[in-house]
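> Next comes the structure file start-v2.txt, holding compact mmCIF, C-alpha atoms and all ligand atoms.
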# COMPACT_ATOMS: atom_id res chain seq x y z
CA MET A 20 24.76 -117.00 -17.91
CA SER A 21 21.78 -115.28 -16.29
CA THR A 22 22.97 -112.65 -13.89
CA SER A 23 20.75 -109.65 -13.55
CA PHE A 24 17.34 -110.44 -12.02
CA PHE A 25 18.54 -110.78 -8.44
CA THR A 26 21.50 -108.37 -8.39
CA ARG A 27 19.73 -106.09 -5.92
CA LYS A 28 19.36 -107.81 -2.57
CA PRO A 29 16.27 -106.54 -0.74
CA ILE A 30 15.23 -106.39 2.89
CA LEU A 31 11.60 -107.54 2.98
CA GLN A 32 9.46 -106.62 5.96
CA GLY A 33 6.60 -108.81 7.12
CA ASP A 34 4.53 -108.88 10.31
CA LEU A 35 6.36 -111.91 11.73
CA VAL A 36 9.65 -111.89 9.85
CA VAL A 37 12.24 -109.80 8.10
CA LEU A 38 13.92 -111.39 5.09
CA ARG A 39 17.42 -110.09 4.46
CA PRO A 40 20.78 -111.11 2.99
CA PHE A 41 22.76 -113.30 5.40
CA THR A 42 24.99 -111.69 8.03
CA GLU A 43 27.71 -113.69 9.85
CA ASN A 44 25.42 -114.15 12.87
CA ASP A 45 22.63 -115.49 10.68
CA VAL A 46 25.03 -118.05 9.23
CA GLU A 47 25.87 -119.16 12.80
CA ASP A 48 22.15 -119.66 13.46
CA MET A 49 21.88 -121.74 10.28
CA ALA A 50 24.18 -124.40 11.79
CA VAL A 51 21.33 -125.46 14.10
CA VAL A 52 18.70 -125.19 11.36
CA LEU A 53 20.66 -127.34 8.89
CA ALA A 54 21.30 -130.00 11.54
CA ASP A 55 17.58 -130.32 12.32
CA PRO A 56 16.47 -133.93 11.57
CA GLU A 57 13.13 -132.85 10.06
CA VAL A 58 14.80 -130.32 7.77
CA ARG A 59 17.31 -132.93 6.65
CA HIS A 60 14.58 -135.50 5.96
CA LEU A 61 12.07 -133.20 4.25
CA THR A 62 14.62 -131.49 2.00
CA GLY A 63 15.99 -134.84 0.82
CA SER A 64 19.50 -134.21 2.14
CA VAL A 65 19.73 -137.69 3.72
CA ARG A 66 18.56 -141.23 3.01
CA THR A 67 17.92 -142.72 6.44
CA THR A 68 16.38 -141.73 9.77
CA GLU A 69 19.73 -142.37 11.38
CA GLU A 70 21.56 -139.98 9.04
CA ALA A 71 18.86 -137.37 9.60
CA SER A 72 19.27 -137.53 13.37
CA ASN A 73 23.04 -137.52 13.64
CA ALA A 74 24.25 -134.26 12.18
CA PRO A 75 26.60 -132.00 14.15
CA ALA A 76 25.30 -128.43 14.59
CA GLN A 77 28.44 -127.03 13.01
CA LEU A 78 29.10 -125.56 9.62
CA SER A 79 32.04 -126.64 7.49
CA PRO A 80 34.35 -123.93 6.07
CA GLU A 81 32.90 -124.71 2.60
CA VAL A 82 29.36 -123.99 3.78
CA ARG A 83 30.44 -120.73 5.44
CA GLN A 84 32.19 -119.71 2.24
CA TRP A 85 29.05 -120.58 0.29
CA TYR A 86 26.93 -118.21 2.40
CA ALA A 87 29.58 -115.48 2.07
CA SER A 88 29.52 -115.80 -1.73
CA LEU A 89 25.74 -115.27 -2.09
CA ALA A 90 25.72 -111.46 -1.99
CA ALA A 91 27.55 -111.32 -5.32
CA ARG A 92 25.17 -113.67 -7.14
CA GLY A 93 22.75 -111.93 -9.51
CA ASP A 94 21.37 -115.27 -10.68
CA ARG A 95 19.86 -116.25 -7.32
CA LEU A 96 18.34 -114.70 -4.23
CA ASP A 97 19.05 -116.26 -0.83
CA LEU A 98 17.46 -114.54 2.14
CA ALA A 99 17.77 -115.29 5.84
CA ILE A 100 14.40 -115.58 7.60
CA ILE A 101 14.69 -113.45 10.75
CA GLU A 102 11.98 -113.80 13.36
CA ARG A 103 11.01 -110.30 14.45
CA THR A 104 10.43 -111.10 18.13
CA THR A 105 13.83 -112.76 18.71
CA GLY A 106 16.01 -111.26 15.97
CA SER A 107 17.41 -114.72 15.24
CA CYS A 108 17.63 -116.47 11.92
CA VAL A 109 15.19 -119.42 11.83
CA GLY A 110 15.71 -120.51 8.23
CA GLU A 111 16.17 -119.46 4.65
CA VAL A 112 14.14 -118.83 1.53
CA VAL A 113 15.72 -119.11 -1.89
CA LEU A 114 15.00 -118.31 -5.52
CA ASN A 115 17.54 -120.17 -7.65
CA GLU A 116 18.05 -121.99 -10.97
CA LEU A 117 17.15 -118.80 -12.81
CA ASN A 118 16.37 -119.11 -16.49
CA GLU A 119 16.19 -115.47 -17.50
CA ALA A 120 15.27 -116.10 -21.16
CA ASP A 121 12.09 -117.91 -20.12
CA ALA A 122 11.59 -115.79 -16.96
CA CYS A 123 11.48 -118.89 -14.72
CA CYS A 124 13.20 -119.85 -11.50
CA ASN A 125 13.00 -122.39 -8.71
CA PHE A 126 11.85 -121.78 -5.12
CA ARG A 127 12.84 -123.49 -1.89
CA ILE A 128 12.46 -122.81 1.80
CA LEU A 129 13.51 -124.42 5.06
CA ILE A 130 12.82 -123.49 8.65
CA GLY A 131 14.34 -125.04 11.78
CA ALA A 132 12.35 -126.45 14.69
CA ALA A 133 12.38 -123.11 16.56
CA GLY A 134 10.46 -121.35 13.77
CA ARG A 135 8.02 -123.91 12.44
CA GLY A 136 4.23 -124.00 12.70
CA ARG A 137 3.64 -120.33 13.55
CA GLY A 138 2.92 -118.80 10.16
CA ILE A 139 6.51 -117.89 9.39
CA GLY A 140 6.86 -120.13 6.34
CA THR A 141 3.59 -118.84 4.87
CA GLU A 142 4.61 -115.20 5.32
CA ALA A 143 8.16 -115.71 4.02
CA THR A 144 6.88 -117.49 0.90
CA ARG A 145 4.42 -114.68 0.15
CA LEU A 146 6.98 -111.94 0.77
CA VAL A 147 9.59 -113.37 -1.55
CA LEU A 148 7.06 -114.08 -4.33
CA ASP A 149 5.58 -110.58 -4.06
CA HIS A 150 9.06 -109.12 -4.24
CA ALA A 151 10.12 -111.25 -7.21
CA PHE A 152 7.00 -110.57 -9.26
CA ALA A 153 7.01 -106.85 -8.38
CA THR A 154 10.66 -106.11 -9.16
CA THR A 155 11.68 -108.52 -11.92
CA ALA A 156 10.18 -109.78 -15.17
CA LEU A 157 9.86 -113.26 -13.66
CA ASN A 158 6.81 -115.12 -14.99
CA ARG A 159 7.04 -118.54 -13.37
CA VAL A 160 8.34 -119.84 -10.06
CA GLU A 161 8.44 -123.61 -9.65
CA LEU A 162 9.27 -126.05 -6.89
CA GLU A 163 9.41 -129.71 -6.00
CA VAL A 164 8.08 -131.08 -2.72
CA PHE A 165 7.95 -134.64 -1.45
CA ALA A 166 4.47 -136.13 -1.41
CA PHE A 167 5.00 -136.99 2.28
CA ASN A 168 5.25 -133.31 3.23
CA PRO A 169 1.59 -132.15 3.48
CA ARG A 170 2.47 -129.10 5.59
CA ALA A 171 4.77 -127.68 2.90
CA LEU A 172 2.19 -128.52 0.19
CA HIS A 173 -0.45 -126.61 2.15
CA VAL A 174 1.82 -123.57 2.63
CA TYR A 175 2.72 -123.48 -1.07
CA GLU A 176 -0.92 -123.80 -2.14
CA SER A 177 -1.97 -121.00 0.14
CA ALA A 178 0.76 -118.79 -1.38
CA GLY A 179 -0.64 -119.43 -4.89
CA PHE A 180 1.37 -122.43 -6.14
CA LYS A 181 -0.62 -124.97 -8.15
CA VAL A 182 0.12 -128.70 -8.45
CA GLU A 183 1.33 -129.57 -11.95
CA GLY A 184 2.08 -133.23 -11.56
CA ARG A 185 3.65 -136.08 -9.71
CA LEU A 186 7.03 -137.65 -10.36
CA ARG A 187 6.64 -141.26 -9.21
CA GLN A 188 9.15 -142.97 -6.91
CA THR A 189 11.87 -140.38 -7.22
CA PHE A 190 13.22 -140.51 -3.67
CA THR A 191 14.29 -143.42 -1.50
CA PHE A 192 14.27 -143.02 2.27
CA ASP A 193 14.75 -145.84 4.77
CA ASP A 194 14.57 -148.24 1.80
CA GLN A 195 11.11 -147.05 0.74
CA ARG A 196 10.33 -145.14 -2.44
CA PHE A 197 8.41 -141.84 -2.42
CA ASP A 198 6.90 -139.52 -5.04
CA THR A 199 7.71 -135.86 -5.70
CA ILE A 200 5.03 -133.25 -6.43
CA VAL A 201 5.83 -130.49 -8.94
CA MET A 202 4.18 -127.10 -8.34
CA SER A 203 4.41 -123.67 -9.90
CA VAL A 204 2.98 -120.19 -9.60
CA LEU A 205 2.68 -117.89 -12.61
CA ARG A 206 2.61 -114.11 -12.56
CA GLY A 207 -0.98 -114.30 -13.86
CA ASP A 208 -2.04 -116.53 -10.96
CA ARG A 209 -1.36 -113.72 -8.53
CA THR A 210 -3.70 -111.08 -9.90
CA PRO A 211 -6.04 -111.38 -6.87
CA SER A 212 -3.68 -108.95 -5.12
CA ARG A 213 -5.39 -106.26 -7.22
CA ALA A 214 -8.58 -106.90 -5.34
CA ARG A 215 -6.76 -105.88 -2.16
CA VAL A 216 -5.83 -102.46 -3.51
CA HIS A 217 -8.06 -99.47 -4.12
CA LEU A 218 -7.50 -96.08 -5.73
CA VAL A 219 -9.39 -93.42 -3.77
CA PRO A 220 -9.45 -89.87 -5.19
CA LEU A 221 -7.46 -87.56 -2.94
CA ALA A 222 -9.77 -85.31 -0.89
CA ALA A 223 -9.55 -81.63 -1.96
CA ASP A 224 -8.50 -80.49 1.52
CA ARG A 225 -5.44 -82.79 1.41
CA PHE A 226 -4.44 -81.65 -2.05
CA PRO A 227 -2.10 -78.74 -1.13
CA ALA A 228 -0.12 -80.93 1.30
CA TRP A 229 0.17 -83.67 -1.34
CA LEU A 230 1.31 -81.10 -3.93
CA GLU A 231 4.09 -79.95 -1.61
CA GLN A 232 5.20 -83.52 -0.92
CA SER A 233 5.17 -84.40 -4.62
CA ARG A 234 7.22 -81.28 -5.37
CA ARG A 235 9.81 -82.20 -2.72
CA GLU A 236 10.10 -85.79 -3.99
CA TYR A 237 10.50 -84.58 -7.57
CA GLU A 238 13.13 -82.04 -6.55
CA THR A 239 15.08 -84.77 -4.71
CA ASP A 240 14.93 -87.05 -7.75
CA LEU A 241 16.14 -84.26 -10.04
CA MET A 242 19.07 -83.55 -7.74
CA ALA A 243 19.90 -87.26 -7.58
CA ALA A 244 19.95 -87.21 -11.39
CA GLY A 245 22.51 -84.39 -11.36
CA GLU A 246 20.55 -81.11 -11.40
CA PRO A 247 21.92 -78.40 -9.06
CA ALA A 248 19.64 -77.66 -6.06
CA ASP A 249 18.29 -74.27 -7.24
CA LYS A 250 17.61 -75.53 -10.74
CA ALA A 251 15.91 -78.68 -9.39
CA ARG A 252 13.63 -76.60 -7.14
CA HIS A 253 12.67 -74.28 -9.99
CA HIS A 254 12.12 -77.19 -12.39
CA ALA A 255 9.87 -79.06 -9.89
CA GLU A 256 7.86 -75.92 -9.06
CA GLU A 257 7.42 -75.00 -12.67
CA THR A 258 6.18 -78.49 -13.63
CA LEU A 259 3.59 -78.62 -10.83
CA ASP A 260 2.44 -75.01 -11.41
CA ARG A 261 1.89 -75.78 -15.07
CA VAL A 262 -0.39 -78.74 -14.34
CA PHE A 263 -2.08 -77.40 -11.21
CA PRO A 264 -2.05 -73.60 -11.70
CA ALA A 265 -4.79 -73.12 -9.08
CA ARG A 266 -3.08 -75.62 -6.74
CA ALA A 267 -6.18 -77.82 -6.95
CA PRO A 268 -7.19 -80.93 -8.92
CA VAL A 269 -7.91 -80.16 -12.59
CA ASP A 270 -9.73 -81.98 -15.42
CA GLY A 271 -7.68 -84.67 -17.12
CA HIS A 272 -5.54 -85.32 -14.03
CA ALA A 273 -6.32 -87.54 -11.08
CA VAL A 274 -4.44 -88.01 -7.85
CA PHE A 275 -5.38 -91.10 -5.85
CA ASP A 276 -4.54 -92.46 -2.45
CA ILE A 277 -3.50 -96.10 -2.83
CA THR A 278 -5.16 -98.02 0.00
CA ASP A 279 -5.02 -101.65 1.14
CA GLU A 280 -7.97 -103.88 2.01
CA ASN A 281 -8.28 -102.19 5.42
CA ARG A 282 -8.38 -98.80 3.69
CA THR A 283 -4.99 -97.91 5.14
CA ARG A 284 -3.14 -95.47 2.88
CA VAL A 285 -0.03 -97.19 1.50
CA GLY A 286 0.95 -94.56 -1.08
CA TYR A 287 -0.32 -92.31 -3.85
CA ILE A 288 -0.44 -92.18 -7.64
CA TRP A 289 -0.98 -89.25 -10.00
CA VAL A 290 -2.14 -90.08 -13.52
CA GLY A 291 -3.16 -87.57 -16.20
CA ARG A 292 -2.86 -86.34 -19.76
CA ASP A 293 0.66 -85.74 -20.87
CA GLN A 294 1.59 -82.19 -21.77
CA GLU A 295 2.23 -82.69 -25.46
CA GLY A 296 -1.31 -81.64 -26.35
CA LYS A 297 -2.51 -85.09 -27.37
CA ASP A 298 -5.65 -85.96 -25.41
CA ASP A 299 -5.24 -89.70 -25.84
CA SER A 300 -1.66 -89.90 -24.53
CA TRP A 301 -1.58 -90.26 -20.76
CA TRP A 302 1.20 -90.22 -18.23
CA ILE A 303 1.93 -91.62 -14.78
CA TRP A 304 3.22 -88.36 -13.32
CA ASP A 305 4.06 -89.71 -9.92
CA ILE A 306 3.74 -92.92 -7.93
CA LEU A 307 4.95 -93.56 -4.42
CA ILE A 308 4.51 -96.51 -2.09
CA HIS A 309 5.54 -95.60 1.46
CA PRO A 310 8.73 -97.48 2.45
CA GLU A 311 7.07 -99.72 5.05
CA HIS A 312 4.58 -100.99 2.45
CA ARG A 313 7.07 -101.71 -0.34
CA GLY A 314 7.72 -105.19 -1.74
CA LYS A 315 4.12 -106.35 -1.19
CA GLY A 316 2.72 -105.93 -4.70
CA PHE A 317 0.92 -102.61 -4.03
CA GLY A 318 2.88 -100.74 -6.74
CA ARG A 319 2.01 -103.28 -9.41
CA ALA A 320 -1.66 -103.41 -8.44
CA ALA A 321 -1.92 -99.59 -8.31
CA LEU A 322 -0.34 -99.24 -11.75
CA GLU A 323 -2.77 -101.76 -13.20
CA LEU A 324 -5.71 -99.86 -11.71
CA ALA A 325 -4.30 -96.54 -12.98
CA GLU A 326 -4.06 -98.10 -16.43
CA GLU A 327 -7.75 -98.99 -16.25
CA HIS A 328 -8.56 -95.42 -15.20
CA ALA A 329 -6.56 -93.96 -18.12
CA ARG A 330 -8.20 -96.34 -20.62
CA SER A 331 -11.65 -95.40 -19.33
CA GLU A 332 -10.78 -91.73 -19.95
CA GLY A 333 -9.88 -92.52 -23.57
CA ALA A 334 -6.12 -93.00 -23.27
CA ARG A 335 -4.44 -94.79 -26.16
CA ASP A 336 -1.12 -95.12 -24.40
CA LEU A 337 0.36 -94.49 -20.99
CA GLY A 338 3.91 -93.31 -20.34
CA LEU A 339 6.11 -92.65 -17.35
CA SER A 340 9.67 -91.65 -16.65
CA VAL A 341 12.03 -93.34 -14.25
CA PHE A 342 15.54 -92.56 -13.14
CA GLY A 343 18.11 -95.06 -14.39
CA SER A 344 19.36 -95.86 -10.89
CA ASN A 345 15.90 -96.97 -9.72
CA GLN A 346 16.29 -100.61 -10.71
CA ALA A 347 13.35 -101.94 -8.72
CA ALA A 348 10.93 -99.53 -10.39
CA ARG A 349 12.37 -100.15 -13.85
CA GLY A 350 11.99 -103.92 -13.38
CA LEU A 351 8.37 -103.45 -12.35
CA TYR A 352 7.51 -101.15 -15.27
CA GLU A 353 9.17 -103.45 -17.81
CA SER A 354 7.33 -106.46 -16.43
CA LEU A 355 4.04 -104.55 -16.85
CA GLY A 356 4.81 -103.99 -20.54
CA TYR A 357 6.32 -100.48 -20.51
CA GLU A 358 9.08 -100.01 -23.09
CA THR A 359 11.90 -97.47 -23.03
CA VAL A 360 11.30 -94.82 -25.69
CA THR A 361 13.95 -92.26 -24.72
CA ALA A 362 16.94 -92.46 -22.44
CA THR A 363 18.97 -89.64 -20.94
CA MET A 364 22.50 -90.74 -20.08
CA ARG A 365 25.04 -89.14 -17.78
CA LYS A 366 28.60 -90.03 -16.86
CA ARG A 367 29.93 -88.96 -13.46
CA PHE A 368 33.53 -87.74 -13.33
CA ARG A 369 33.68 -87.65 -9.54
CA PRO A 370 31.43 -88.72 -6.65
CA ASP A 371 29.28 -85.99 -5.00
C1 LIG A 401 7.46 -126.20 5.15
C2 LIG A 401 7.77 -125.01 6.02
C3 LIG A 401 8.61 -124.01 5.23
C4 LIG A 401 6.43 -124.33 6.40
O1 LIG A 401 6.69 -123.24 7.24
P1 LIG A 401 5.93 -123.09 8.66
O2 LIG A 401 6.31 -121.77 9.21
O3 LIG A 401 6.19 -124.30 9.47
O4 LIG A 401 4.41 -123.11 8.17
P2 LIG A 401 3.24 -122.11 8.64
O5 LIG A 401 3.16 -122.12 10.11
O6 LIG A 401 3.37 -120.84 7.94
O7 LIG A 401 1.96 -122.82 7.98
C5 LIG A 401 1.71 -124.18 8.18
C6 LIG A 401 0.37 -124.47 7.53
O8 LIG A 401 0.32 -125.86 7.22
C7 LIG A 401 -0.77 -126.45 7.90
N1 LIG A 401 -0.34 -127.79 8.25
C8 LIG A 401 0.49 -128.17 9.24
N2 LIG A 401 0.64 -129.50 9.22
C9 LIG A 401 -0.11 -129.95 8.20
C10 LIG A 401 -0.38 -131.26 7.68
N3 LIG A 401 0.17 -132.34 8.20
N4 LIG A 401 -1.21 -131.37 6.61
C11 LIG A 401 -1.76 -130.26 6.04
N5 LIG A 401 -1.55 -129.00 6.52
C12 LIG A 401 -0.73 -128.88 7.57
C13 LIG A 401 -1.03 -125.55 9.10
O9 LIG A 401 -2.34 -125.71 9.58
C14 LIG A 401 -0.79 -124.19 8.48
O10 LIG A 401 -1.87 -123.83 7.67
P3 LIG A 401 -2.78 -122.53 7.92
O11 LIG A 401 -1.83 -121.36 7.91
O12 LIG A 401 -3.74 -122.52 6.78
O13 LIG A 401 -3.39 -122.77 9.27
C15 LIG A 401 8.52 -125.40 7.32
O14 LIG A 401 7.67 -126.21 8.14
C16 LIG A 401 9.80 -126.17 7.06
O15 LIG A 401 10.81 -125.60 6.71
N6 LIG A 401 9.79 -127.51 7.25
C17 LIG A 401 11.02 -128.31 7.14
C18 LIG A 401 11.68 -128.27 5.76
C19 LIG A 401 10.70 -128.40 4.63
O16 LIG A 401 9.73 -129.14 4.67
N7 LIG A 401 10.97 -127.62 3.58
C20 LIG A 401 10.21 -127.70 2.38
C21 LIG A 401 10.84 -128.67 1.47
S1 LIG A 401 10.00 -128.75 -0.07
In structure tokens, what does this structure look like?


Amino acid sequence: MSTSFFTRKPILQGDLVVLRPFTENDVEDMAVVLADPEVRHLTGSVRTTEEASNAPAQLSPEVRQWYASLAARGDRLDLAIIERTTGSCVGEVVLNELNEADACCNFRILIGAAGRGRGIGTEATRLVLDHAFATTALNRVELEVFAFNPRALHVYESAGFKVEGRLRQTFTFDDQRFDTIVMSVLRGDRTPSRARVHLVPLAADRFPAWLEQSRREYETDLMAAGEPADKARHHAEETLDRVFPARAPVDGHAVFDITDENRTRVGYIWVGRDQEGKDDSWWIWDILIHPEHRGKGFGRAALELAEEHARSEGARDLGLSVFGSNQAARGLYESLGYETVTATMRKRFRPD
């Protein structure tokens, strides 16, 4: 059974919503959402207008148990859609039916009356797709939508889904038959996000401050990987002094601000020759997306642009190192085609 893609449950931050694993309060809010006649009709849960309209806003013990079981499921990702302004849960967005071998899964979303028609569905769909494509090797996300649901079709199309076909007369409601539309979005369909991201060479006057930040981050990573504090500090200093002896940019290394379409800085990336003396082997020495900008596809886009930079400088290959515990980053690198060439392993005898 597929289990690993969705083991890590994220909190995804948007402008209108936060997507997060369900809390008990969110599950309470879902009672109202799941009883909403439009939700019941448009998700195909009922067969008649009467059934759609007469649902109690209460959850059965089985449904509560179902929500409680989701955190442990690595084969699916169920996130509550929390409206920022109210803090209440207005719906859910789900990636399920994972087929890990073929890197495919299904998508579905539902939002109750209190949340609809204000851009929430569009943002939630984009956030979860960006997260899935950035942190897993997923290649295809598919969905089915009734042909009588033009709003959902529009939202899916604007998030990048394409219509693949029509299943005729698959659903009967109030004794009439309706068609289902099949849609999907592929990893490759979403490359336009690259156009939103720019690599801007770091200005010389900001270089010393960046160097200090990079050193601190590296030192923290080394300590997290088990190096004692004094050794980690020395190791980080020594590495940065070797590459930037004059504490300034040098030939064969480039440090870029990663900026979004508004030229806001969302992180940085340092790419340069590796230190083994081979001019055509290059290395991603450091990449960081600031926490508030994570999960939006910036890391992937920046890495693709850095790859182009390295190629244009004559690189034959591009390497990077990642700590084993950083599952999100490892998923991203693997999905971009990076392969593990060495692995350092460590067993802990006691917690820190
Ligand atoms: C489908 C759903 C997730 C969309 O979320 P939402 O927050 O209501 O949608 P948004 O406000 O983000 O966007 C709605 C978009 O559809 C457009 N739209 C609304 N009604 C439309 C219609 N009848 N025809 C075409 N487009 C329509 C809006 O103009 C808007 O587009 P824009 O952003 O380009 O202006 C939500 O309405 C929902 O859960 N509905 C009930 C359950 C459901 O249908 N689930 C999907 C089952 S497949």

> Please check which protein, DNA or RNA residues sit within 6 Å of ligand LIG 401 (chain A), counting all atoms listed in the file, and write them as a PyMOL selection string.

chain A and resi 57-58+61-62+128-130+135-141+164+169-171+173-174

> I'd like the interatomic distance between atom CA of Ala222 of chain A and atom CA of His272 of chain A, to a tenth of an Å.

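Computed distance, atom CA of Ala222 of chain A to atom CA of His272 of chain A, equals 13.8 Å.
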
> Could you tell me, as an MDAnalysis selection string, which residues have any atom at most 7 Å from (17.2, -116.3, -3.2), counting all atoms listed in the file?

chainID A and resid 95:98 112:115

> Dig up all the protein and nucleic acid residues within 9 Å of (-3.6, -91.6, -24.2) in the file frame, using only C-alpha atoms, and format them as a list in words.

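Protein, DNA and RNA residues close to (-3.6, -91.6, -24.2): Gly291, Arg292, Asp293, Lys297, Asp298, Asp299, Ser300, Trp301, Trp302, Ala329, Arg330, Glu332, Gly333, Ala334, Arg335, Asp336, Leu337 and Gly338 of chain A.
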
> Go ahead and save the picked residues with C-alpha atoms, as a short mmCIF file (atom, residue, chain, number, x, y, z; two decimals), in the frame of the given file.


data_model
loop_
_atom_site.label_atom_id
_atom_site.label_comp_id
_atom_site.auth_asym_id
_atom_site.auth_seq_id
_atom_site.Cartn_x
_atom_site.Cartn_y
_atom_site.Cartn_z
CA GLY A 291 -3.16 -87.57 -16.20
CA ARG A 292 -2.86 -86.34 -19.76
CA ASP A 293 0.66 -85.74 -20.87
CA LYS A 297 -2.51 -85.09 -27.37
CA ASP A 298 -5.65 -85.96 -25.41
CA ASP A 299 -5.24 -89.70 -25.84
CA SER A 300 -1.66 -89.90 -24.53
CA TRP A 301 -1.58 -90.26 -20.76
CA TRP A 302 1.20 -90.22 -18.23
CA ALA A 329 -6.56 -93.96 -18.12
CA ARG A 330 -8.20 -96.34 -20.62
CA GLU A 332 -10.78 -91.73 -19.95
CA GLY A 333 -9.88 -92.52 -23.57
CA ALA A 334 -6.12 -93.00 -23.27
CA ARG A 335 -4.44 -94.79 -26.16
CA ASP A 336 -1.12 -95.12 -24.40
CA LEU A 337 0.36 -94.49 -20.99
CA GLY A 338 3.91 -93.31 -20.34
#

> For Ala348 of chain A, find every residue with an atom within 9 Å (counting all atoms listed in the file), except residues of its own chain fewer than 3 positions away, and show them as a list of chain:residue names.

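After dropping sequence-adjacent residues, the list is A:Ala153, A:Thr154, A:Gly318, A:Val341, A:Phe342, A:Asn345, A:Leu351, A:Tyr352, A:Glu353.
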
> So how far away is atom CA of Ala166 of chain A from atom CA of Arg66 of chain A, in Å?

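Atom-to-atom, atom CA of Arg66 of chain A and atom CA of Ala166 of chain A are spaced 15.6 Å apart.
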
> Could you tell me how far atom CA of Asp121 of chain A sits from atom CA of Glu326 of chain A, in Å to one decimal place?

25.8 Å

> Quick one: everything within 9 Å of Leu35 of chain A, counting only C-alpha atoms, minus sequence neighbours fewer than 2 positions away in the same chain. Send it as a list of chain:residue names.

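Neighbouring residues, sequence-local ones excluded: A:Gln32, A:Gly33, A:Val37, A:Ile101, A:Glu102, A:Arg103, A:Thr104, A:Gly138, A:Ile139, A:Glu142, A:Ala143.
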
> Residues within 7 Å of Val290 of chain A, please, as a PyMOL selection string. Count only C-alpha atoms; anything in the same chain fewer than 2 positions from it doesn't count.

chain A and resi 272-274+288+302-304+325

> Between A:Ser72, A:Glu81, A:Arg185, A:Arg206, which one has atoms that come closest to Gly316 of chain A, using all atoms listed in the file?

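Going through A:Ser72, A:Glu81, A:Arg185, A:Arg206 one by one, the smallest distance to Gly316 of chain A is for A:Arg206.
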
> From the set A:Glu176, A:Glu238, A:Asp249, A:Asp149, which residue has the shortest atom-to-atom contact distance to Leu31 of chain A, counting only C-alpha atoms?

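Ranking A:Glu176, A:Glu238, A:Asp249, A:Asp149 by distance to Leu31 of chain A, first place goes to A:Asp149.
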
> Using only C-alpha atoms, find the one residue out of A:Asp240, A:Glu111, A:Asp193, A:Glu119 that sits nearest to Asp94 of chain A.

A:Glu119

> Using all atoms listed in the file, pick whichever of A:Asp194, A:Glu358, A:Glu311, A:Glu257 has the shortest atom-to-atom distance to Thr67 of chain A.

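The shortest atom-to-atom distance to Thr67 of chain A comes from A:Asp194.
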
> May I have the residues within 12 Å of Asp224 of chain A as a list in words, using all atoms listed in the file and disregarding those fewer than 5 positions away in the same chain?

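Close residues of Asp224 of chain A: Trp229, Leu230, Arg266, Ala267 and Pro268 of chain A.
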
> Nearest residue to Gly314 of chain A out of A:Leu117, A:Val182, A:Val285, A:Val52, using all atoms listed in the file?

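Of A:Leu117, A:Val182, A:Val285, A:Val52, the one nearest Gly314 of chain A, counting all atoms listed in the file, is A:Val285.
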
> Using all atoms listed in the file, pick whichever of A:Pro227, A:Glu327, A:Arg59, A:Glu116 has the shortest atom-to-atom distance to Ala132 of chain A.

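For Ala132 of chain A, the nearest of the given residues is A:Arg59.
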
> Report as a list of chain:residue names all protein, DNA and RNA residues lying within 8 Å of Phe24 of chain A, evaluated on only C-alpha atoms, omitting residues in the same chain fewer than 2 positions from it.

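Final neighbour list, sorted by chain and number: A:Ser21, A:Thr22, A:Thr26, A:Arg27, A:Gly93, A:Asp94, A:Arg95, A:Glu119, A:Thr155, A:Ala156.
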